[in-house]
Amino acid sequence: MCTRLENGLFSRLGIYAGDSQWKWRSAVPRQVRVDYRAIFAGLSDRLLEMYLSLLQSPTEVIFTPQQWKRHAERFGSWLKNVVSEKEGSPSAIVLRHGLITMRIASVLTVLRKCECAYTMLEYCCTDDDFETAIQLVEVLLEHTLLVSTSLLSQDKKLRPTKAYFRLRPVLDGPNVRFTYRQFMEQAAKNIFPESTAKRLLSKAVKDQIIGKECDMYQNREASSLPEGGLIGEP
């Protein structure tokens with residue numbers, strides 16, 4: 001089955017893509033052998049115990065207002081950045097990964113409940129588990145966007161993968177204020193066509209990723225960083 005951005009399947013997947021690091025492993029038998037069958041048998045028994053326990057104690061996972069706020073801010077920022085890159089952006093990927101985050105956080109919370117053998121029907125997600133879910137999914141989101149650049153187009157021609165974000169590399173760094181000229185110079189260093197750089201800057205201002213006041217621009221996505229100088233300054 002061909003996976004395309006248009007059919008909704010791709011946005012439901014959590015993808016991790018990476019280069020293989022090939023290394024030959026000797027097939028010589030070891031003196032001390034690990035019984036992997038016994039290890040996985042023990043783990044499967046433990047998983048069954050947890051499943052049966054949860055049948056007797058259904059769990060409603062509760063998230064704190066601060067966690068919901070963190071979730072909205074992170075994925076709201078992701079959505080703005082993805083949409084600002086191009087028309088017809090795969091924005092559904094961000095929406096689905098926001099959902100995947102809460103599902104992973106819920107699984108981690110239920111596992112913690114089982115470890116402690118609690119029986120309460122409501123269990124609050126810890127900040128550590130919530131942050132773990134956020135960080136896991138942000139990695140998956142980066143990789144999914146990368147793979148999305150190579151998906152089959154309607155003309156069914158394969159394309160090589162390429163970095164999804166074009167604007168972000170230009171804005172990376174602690175320097176949040178810059179002029180139009182400095183932006184264009186930085187875009188040229190990143191091998192940007194001038195027309196593309198103009199269009200991305202205009203759309204970023206429209207989407208409020210970048211603020212503009214008189215002749216100065218400011219990267220609002222980096223507003224939490226210490227105030228720096230201009231793009232291109234040491």
# chains A, B, ... in the order shown; residues from 1 in each chain; ligands from 1
>>> residues_around(residues="Lys113 in chain A", least_positions_apart="5", cutoff="9 Å", atoms="only C-alpha atoms", output="PyMOL selection string")
chain A and resi 59+108+118-120+123
>>> residues_around(residues="Leu140 in chain A", least_positions_apart="6", cutoff="12 Å", atoms="only C-alpha atoms", output="PDB file with N, CA and C atoms, in the first residue's frame")
ATOM      1  N   SER A  11       0.050  10.365   8.835  1.00  0.00           N
ATOM      2  CA  SER A  11       0.020  11.234  10.019  1.00  0.00           C
ATOM      3  C   SER A  11      -0.263  10.455  11.297  1.00  0.00           C
ATOM      4  N   ARG A  12      -0.735   9.221  11.170  1.00  0.00           N
ATOM      5  CA  ARG A  12      -1.047   8.402  12.342  1.00  0.00           C
ATOM      6  C   ARG A  12       0.153   7.592  12.828  1.00  0.00           C
ATOM      7  N   LEU A  13       1.253   7.642  12.106  1.00  0.00           N
ATOM      8  CA  LEU A  13       2.416   6.817  12.422  1.00  0.00           C
ATOM      9  C   LEU A  13       3.464   7.612  13.184  1.00  0.00           C
ATOM     10  N   GLY A  14       4.119   6.953  14.124  1.00  0.00           N
ATOM     11  CA  GLY A  14       5.284   7.529  14.786  1.00  0.00           C
ATOM     12  C   GLY A  14       6.529   6.960  14.130  1.00  0.00           C
ATOM     13  N   ILE A  15       7.289   7.786  13.436  1.00  0.00           N
ATOM     14  CA  ILE A  15       8.384   7.300  12.590  1.00  0.00           C
ATOM     15  C   ILE A  15       9.733   7.707  13.170  1.00  0.00           C
ATOM     16  N   TYR A  16      10.652   6.758  13.163  1.00  0.00           N
ATOM     17  CA  TYR A  16      12.035   7.048  13.554  1.00  0.00           C
ATOM     18  C   TYR A  16      12.932   6.584  12.416  1.00  0.00           C
ATOM     19  N   ALA A  17      13.644   7.495  11.815  1.00  0.00           N
ATOM     20  CA  ALA A  17      14.491   7.185  10.662  1.00  0.00           C
ATOM     21  C   ALA A  17      15.927   7.539  10.997  1.00  0.00           C
ATOM     22  N   GLY A  18      16.845   6.652  10.633  1.00  0.00           N
ATOM     23  CA  GLY A  18      18.249   6.925  10.910  1.00  0.00           C
ATOM     24  C   GLY A  18      19.149   6.060  10.052  1.00  0.00           C
ATOM     25  N   ILE A  93       0.148  16.065  10.603  1.00  0.00           N
ATOM     26  CA  ILE A  93       1.213  15.358  11.320  1.00  0.00           C
ATOM     27  C   ILE A  93       1.375  15.931  12.722  1.00  0.00           C
ATOM     28  N   VAL A  94       1.344  17.250  12.840  1.00  0.00           N
ATOM     29  CA  VAL A  94       1.499  17.890  14.149  1.00  0.00           C
ATOM     30  C   VAL A  94       0.306  17.567  15.042  1.00  0.00           C
ATOM     31  N   ARG A  96      -1.725  14.988  14.945  1.00  0.00           N
ATOM     32  CA  ARG A  96      -1.683  13.578  15.366  1.00  0.00           C
ATOM     33  C   ARG A  96      -0.615  13.358  16.429  1.00  0.00           C
ATOM     34  N   HIS A  97       0.536  14.004  16.279  1.00  0.00           N
ATOM     35  CA  HIS A  97       1.608  13.796  17.250  1.00  0.00           C
ATOM     36  C   HIS A  97       1.262  14.436  18.598  1.00  0.00           C
ATOM     37  N   GLY A  98       0.443  15.470  18.578  1.00  0.00           N
ATOM     38  CA  GLY A  98      -0.057  15.996  19.841  1.00  0.00           C
ATOM     39  C   GLY A  98      -0.892  14.956  20.566  1.00  0.00           C
ATOM     40  N   ILE A 100      -0.622  11.625  20.039  1.00  0.00           N
ATOM     41  CA  ILE A 100       0.295  10.543  20.404  1.00  0.00           C
ATOM     42  C   ILE A 100       1.009  10.859  21.715  1.00  0.00           C
ATOM     43  N   THR A 101       1.348  12.131  21.921  1.00  0.00           N
ATOM     44  CA  THR A 101       2.008  12.541  23.161  1.00  0.00           C
ATOM     45  C   THR A 101       1.161  12.190  24.381  1.00  0.00           C
ATOM     46  N   ALA A 133       7.263  12.028  27.560  1.00  0.00           N
ATOM     47  CA  ALA A 133       6.390  11.861  26.393  1.00  0.00           C
ATOM     48  C   ALA A 133       6.604  12.991  25.384  1.00  0.00           C
ATOM     49  N   ILE A 134       6.709  14.222  25.870  1.00  0.00           N
ATOM     50  CA  ILE A 134       6.943  15.375  24.994  1.00  0.00           C
ATOM     51  C   ILE A 134       8.241  15.196  24.213  1.00  0.00           C
ATOM     52  N   LEU A 146      10.777  14.832   8.205  1.00  0.00           N
ATOM     53  CA  LEU A 146      11.858  14.526   7.266  1.00  0.00           C
ATOM     54  C   LEU A 146      11.404  13.504   6.227  1.00  0.00           C
ATOM     55  N   VAL A 147      10.805  12.417   6.693  1.00  0.00           N
ATOM     56  CA  VAL A 147      10.356  11.365   5.777  1.00  0.00           C
ATOM     57  C   VAL A 147       9.233  11.869   4.871  1.00  0.00           C
ATOM     58  N   SER A 148       8.430  12.810   5.368  1.00  0.00           N
ATOM     59  CA  SER A 148       7.313  13.323   4.569  1.00  0.00           C
ATOM     60  C   SER A 148       7.784  14.005   3.294  1.00  0.00           C
TER      61      SER A 148
END
>>> closest_residue(among="A:Ser84, A:Cys116, A:Ala204, A:Met102", to="Trp68 in chain A", atoms="only C-alpha atoms")
A:Met102
>>> closest_residue(among="A:Leu136, A:Cys124, A:Leu9, A:Ala187", to="Pro65 in chain A", atoms="only C-alpha atoms")
A:Cys124
>>> residues_around(residues="Phe192 in chain A", least_positions_apart="5", cutoff="10 Å", atoms="only C-alpha atoms", output="NGL selection string")
:A and (166-167 or 170 or 184-187 or 197-198)
>>> write_last_selection(atoms="N, CA, C and O atoms", output="CSV table (one decimal), in the first residue's frame")
chain,number,residue,atom,x,y,z
A,166,ARG,N,13.1,25.1,6.3
A,166,ARG,CA,14.1,25.9,5.6
A,166,ARG,C,14.3,27.3,6.4
A,166,ARG,O,15.4,27.8,6.4
A,167,LEU,N,13.3,27.7,7.0
A,167,LEU,CA,13.4,29.0,7.7
A,167,LEU,C,14.1,28.8,9.1
A,167,LEU,O,14.9,29.7,9.4
A,170,VAL,N,17.9,29.4,9.4
A,170,VAL,CA,18.3,30.8,9.2
A,170,VAL,C,18.2,31.5,10.6
A,170,VAL,O,18.9,32.4,10.9
A,184,MET,N,18.4,38.3,4.7
A,184,MET,CA,18.7,37.8,3.4
A,184,MET,C,20.1,37.3,3.2
A,184,MET,O,20.4,36.3,2.5
A,185,GLU,N,21.1,37.9,3.9
A,185,GLU,CA,22.5,37.4,3.9
A,185,GLU,C,22.6,36.1,4.5
A,185,GLU,O,23.3,35.2,4.0
A,186,GLN,N,21.9,35.9,5.6
A,186,GLN,CA,21.9,34.6,6.3
A,186,GLN,C,21.2,33.5,5.4
A,186,GLN,O,21.7,32.4,5.4
A,187,ALA,N,20.2,33.9,4.8
A,187,ALA,CA,19.5,33.0,3.9
A,187,ALA,C,20.4,32.6,2.7
A,187,ALA,O,20.4,31.4,2.3
A,197,ALA,N,13.3,33.1,0.1
A,197,ALA,CA,13.6,33.7,1.4
A,197,ALA,C,12.6,34.9,1.7
A,197,ALA,O,12.1,35.0,2.8
A,198,LYS,N,12.3,35.6,0.6
A,198,LYS,CA,11.3,36.7,0.8
A,198,LYS,C,9.9,36.2,1.2
A,198,LYS,O,9.2,36.7,2.0
>>> residues_around(residues="Glu131 in chain A", least_positions_apart="6", cutoff="10 Å", atoms="only C-alpha atoms", output="ChimeraX atom specification")
/A:67,70-71,101,105,137
>>> atom_distance(atom1="CA of Cys114 in chain A", atom2="CA of Gln135 in chain A")
23.0 Å
>>> select_by_dssp(residues="range 10-225 of chain A", states="strand (DSSP E)", output="ChimeraX atom specification")
/A:60-62,122-124,177-179,210-213,216-219
>>> select_by_dssp(residues="range 46-185 of chain A", states="helix (DSSP H, G or I)", output="number ranges by chain")
A: 46-56, 65-85, 91-116, 127-148, 167-171, 180-185
>>> atom_distance(atom1="CA of Leu145 in chain A", atom2="CA of Trp78 in chain A")
11.1 Å
>>> residues_around(residues="Pro169 in chain A", least_positions_apart="4", cutoff="12 Å", atoms="only C-alpha atoms", output="PDB file with C-alpha atoms, in the first residue's frame")
ATOM      1  CA  ALA A 163      15.276  18.856   5.558  1.00  0.00           C
ATOM      2  CA  TYR A 164      11.666  19.945   6.053  1.00  0.00           C
ATOM      3  CA  PHE A 165      12.398  23.293   7.703  1.00  0.00           C
ATOM      4  CA  GLY A 173      20.862  30.771  17.525  1.00  0.00           C
ATOM      5  CA  PHE A 183      18.088  37.946   7.097  1.00  0.00           C
ATOM      6  CA  GLN A 186      21.898  34.572   6.308  1.00  0.00           C
ATOM      7  CA  ALA A 187      19.455  32.965   3.864  1.00  0.00           C
ATOM      8  CA  ALA A 188      22.068  33.174   1.116  1.00  0.00           C
ATOM      9  CA  LYS A 189      24.564  31.356   3.365  1.00  0.00           C
ATOM     10  CA  ASN A 190      21.995  28.569   3.660  1.00  0.00           C
ATOM     11  CA  ILE A 191      21.763  28.399  -0.164  1.00  0.00           C
ATOM     12  CA  PHE A 192      18.311  29.976  -0.360  1.00  0.00           C
ATOM     13  CA  ALA A 197      13.597  33.747   1.407  1.00  0.00           C
ATOM     14  CA  ILE A 231      21.668  37.647  13.130  1.00  0.00           C
TER      15      ILE A 231
END
>>> atom_distance(atom1="CA of Val61 in chain A", atom2="CA of Glu122 in chain A")
6.0 Å
